[in-house]
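Contents: one structure, followed by commentary.
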Amino acid sequence: MTDERAERQGRNCDLRMTCSSILFAGALLTMSAPLLAQTAATGSAPAYPVKPVRLVVPFTPGGSTDIVARIIGQKLDEAWKQQVIIDNRPGAGGTVGVDFVAKSAPDGYTLVMGHVGTFGFGPSLYSRLPYDSVRDFMPITLFANVPNMLVVNPSLPVKSVKELIALAKSRPSELNYGSAGSGSAAHLTVEYFKLLSKTDITHIPYKGTSPMLTDLIAGQTSLTITGVPPLYPHVKSGRLRALGVASARRLSVLPELPTIAEAGVPGYEATTWFGPLAPAKTPKEIIARLNAELLKILQRPEVRKRLGADGAEPVGSTPEEFAEHIKTEIGRWAKVIKESGVHVE
């Protein structure tokens, strides 16, 4: 009887422990229900960002791409309270930096500052790119357009686009122009100008916009057509002379400056655009977070004022719209590159 009673007591104890476990588990489920509901509602996307974000600029510091990237980096840094590192990785017309991002982890922590040269010219300009400009990236937003400006060294005896064309035709191959490198925006925009104006001007590639401008101001080269932001301070100071803007309409900061099209080259338009992209397969939730944050930044008065002061035009778009823009630009510049005969290995 003693053994049976002990066995019954053991079974009753086990039962009480099991019931207690069930009640405890039920209490845990009740307490965690709101958290589970929240997880189900927001999805399983990880928190972002939880560490520094790298924004690769595939050109040297000082050019339009670098200037716009630093505006983005500063404002994202302020909004996220997380460091955004501007990483200049120049080389091969921007393909070195772009390739680095294409092969980076698709986690939202390595982005590239997209540019008309790398994502518009590149697919037609280079016979063998180490990446696919469409397939290997996820566009985030078309951030800004930057009109290009035709400027000359003040020692050149011309004060208008027509006078420049006349001088170039009277001295074939004697005038030269500088660019940020073979395959850069300045390279293609001047080649497009030469094609439409039927002029012969010699190309001198540099390793970046800053050294190119240094030689242009010193009179080592005759002219260039590149983004307004790095040129505007030198035009205001008189170190460079502006002859025309390469956009469809005049600049608000220089309303007296005609467009190149109205100044003597009908149909000429070459606008540089910028926007960040992430590696392919980056989670869509992260792309959406980046897009929303950048659109907020574009609405800030101080950002619009800063961009406008440099001659840039804020845009803003959905990732899908930016992707379509890139495809359109690839097609447009493919025709220009084919007709002008420009090729870069």
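Please note that chains go A, B, ... in the order of the structure tokens, that every chain numbers its residues from 1, and that ligands are numbered from 1 in the order shown.
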
Wanna dump the stretch 203-316 of chain A-stretch 91-100 of chain A contacts at 12 Å for me, each residue with its shortest atom pair and the distance in Å to one decimal, counting only C-alpha atoms, ordered by chain and number, as JSON lines?
```
{"residue": "A:Pro205", "atom": "CA", "partner": "A:Gly93", "partner_atom": "CA", "distance": 10.1}
{"residue": "A:Tyr206", "atom": "CA", "partner": "A:Gly93", "partner_atom": "CA", "distance": 10.3}
{"residue": "A:Lys207", "atom": "CA", "partner": "A:Gly91", "partner_atom": "CA", "distance": 7.9}
{"residue": "A:Gly208", "atom": "CA", "partner": "A:Gly91", "partner_atom": "CA", "distance": 9.0}
{"residue": "A:Thr209", "atom": "CA", "partner": "A:Gly93", "partner_atom": "CA", "distance": 11.6}
{"residue": "A:Pro276", "atom": "CA", "partner": "A:Val98", "partner_atom": "CA", "distance": 11.0}
{"residue": "A:Leu277", "atom": "CA", "partner": "A:Val98", "partner_atom": "CA", "distance": 9.6}
{"residue": "A:Ala278", "atom": "CA", "partner": "A:Val98", "partner_atom": "CA", "distance": 10.1}
{"residue": "A:Pro279", "atom": "CA", "partner": "A:Val98", "partner_atom": "CA", "distance": 9.7}
```

Neighbours of A:Gly316 within 7 Å (only C-alpha atoms; same-chain residues fewer than 3 positions away dropped), as a short mmCIF file (atom, residue, chain, number, x, y, z; two decimals) with N, CA and C atoms, in the first residue's frame?
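around02.cif was written with the following content:
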```
data_model
loop_
_atom_site.label_atom_id
_atom_site.label_comp_id
_atom_site.auth_asym_id
_atom_site.auth_seq_id
_atom_site.Cartn_x
_atom_site.Cartn_y
_atom_site.Cartn_z
N THR A 141 16.47 55.78 -56.75
CA THR A 141 15.70 56.93 -57.22
C THR A 141 16.58 57.81 -58.10
N LEU A 142 15.97 58.40 -59.12
CA LEU A 142 16.67 59.42 -59.92
C LEU A 142 16.68 60.67 -59.07
N PHE A 143 17.83 61.00 -58.52
CA PHE A 143 17.91 62.06 -57.51
C PHE A 143 17.93 63.46 -58.11
N LEU A 295 13.47 60.65 -50.99
CA LEU A 295 12.39 61.53 -51.42
C LEU A 295 12.09 62.59 -50.36
N LEU A 298 14.79 65.23 -50.64
CA LEU A 298 14.58 66.12 -51.80
C LEU A 298 13.54 67.20 -51.54
#
```

* **Contacts of stretch 253-267 of chain A within 6 Å, only C-alpha atoms, excl. fewer than 5 positions in-chain, as a ChimeraX atom specification** => /A:161-162,244-246

* Asked: In Å, with one decimal, what is the gap from atom CA of A:Ser64 to atom CA of A:Val228?
  ->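 Straight-line distance from atom CA of A:Ser64 to atom CA of A:Val228 works out to 7.5 Å.
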
* Just the residues within 8 Å of A:Ile297, please, counting only C-alpha atoms, with nothing from its chain fewer than 2 positions along; format it as a PyMOL selection string. => chain A and resi 72+75-76+293-295+299-300+303

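A straight line drawn from atom CA of A:Gly122 to atom CA of A:Ile286 is 26.6 Å long.
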
* Distance criterion (only C-alpha atoms): nearest to A:Ala102 out of A:Leu150, A:Ser155, A:Arg306, A:Ala280 -> A:Ala280
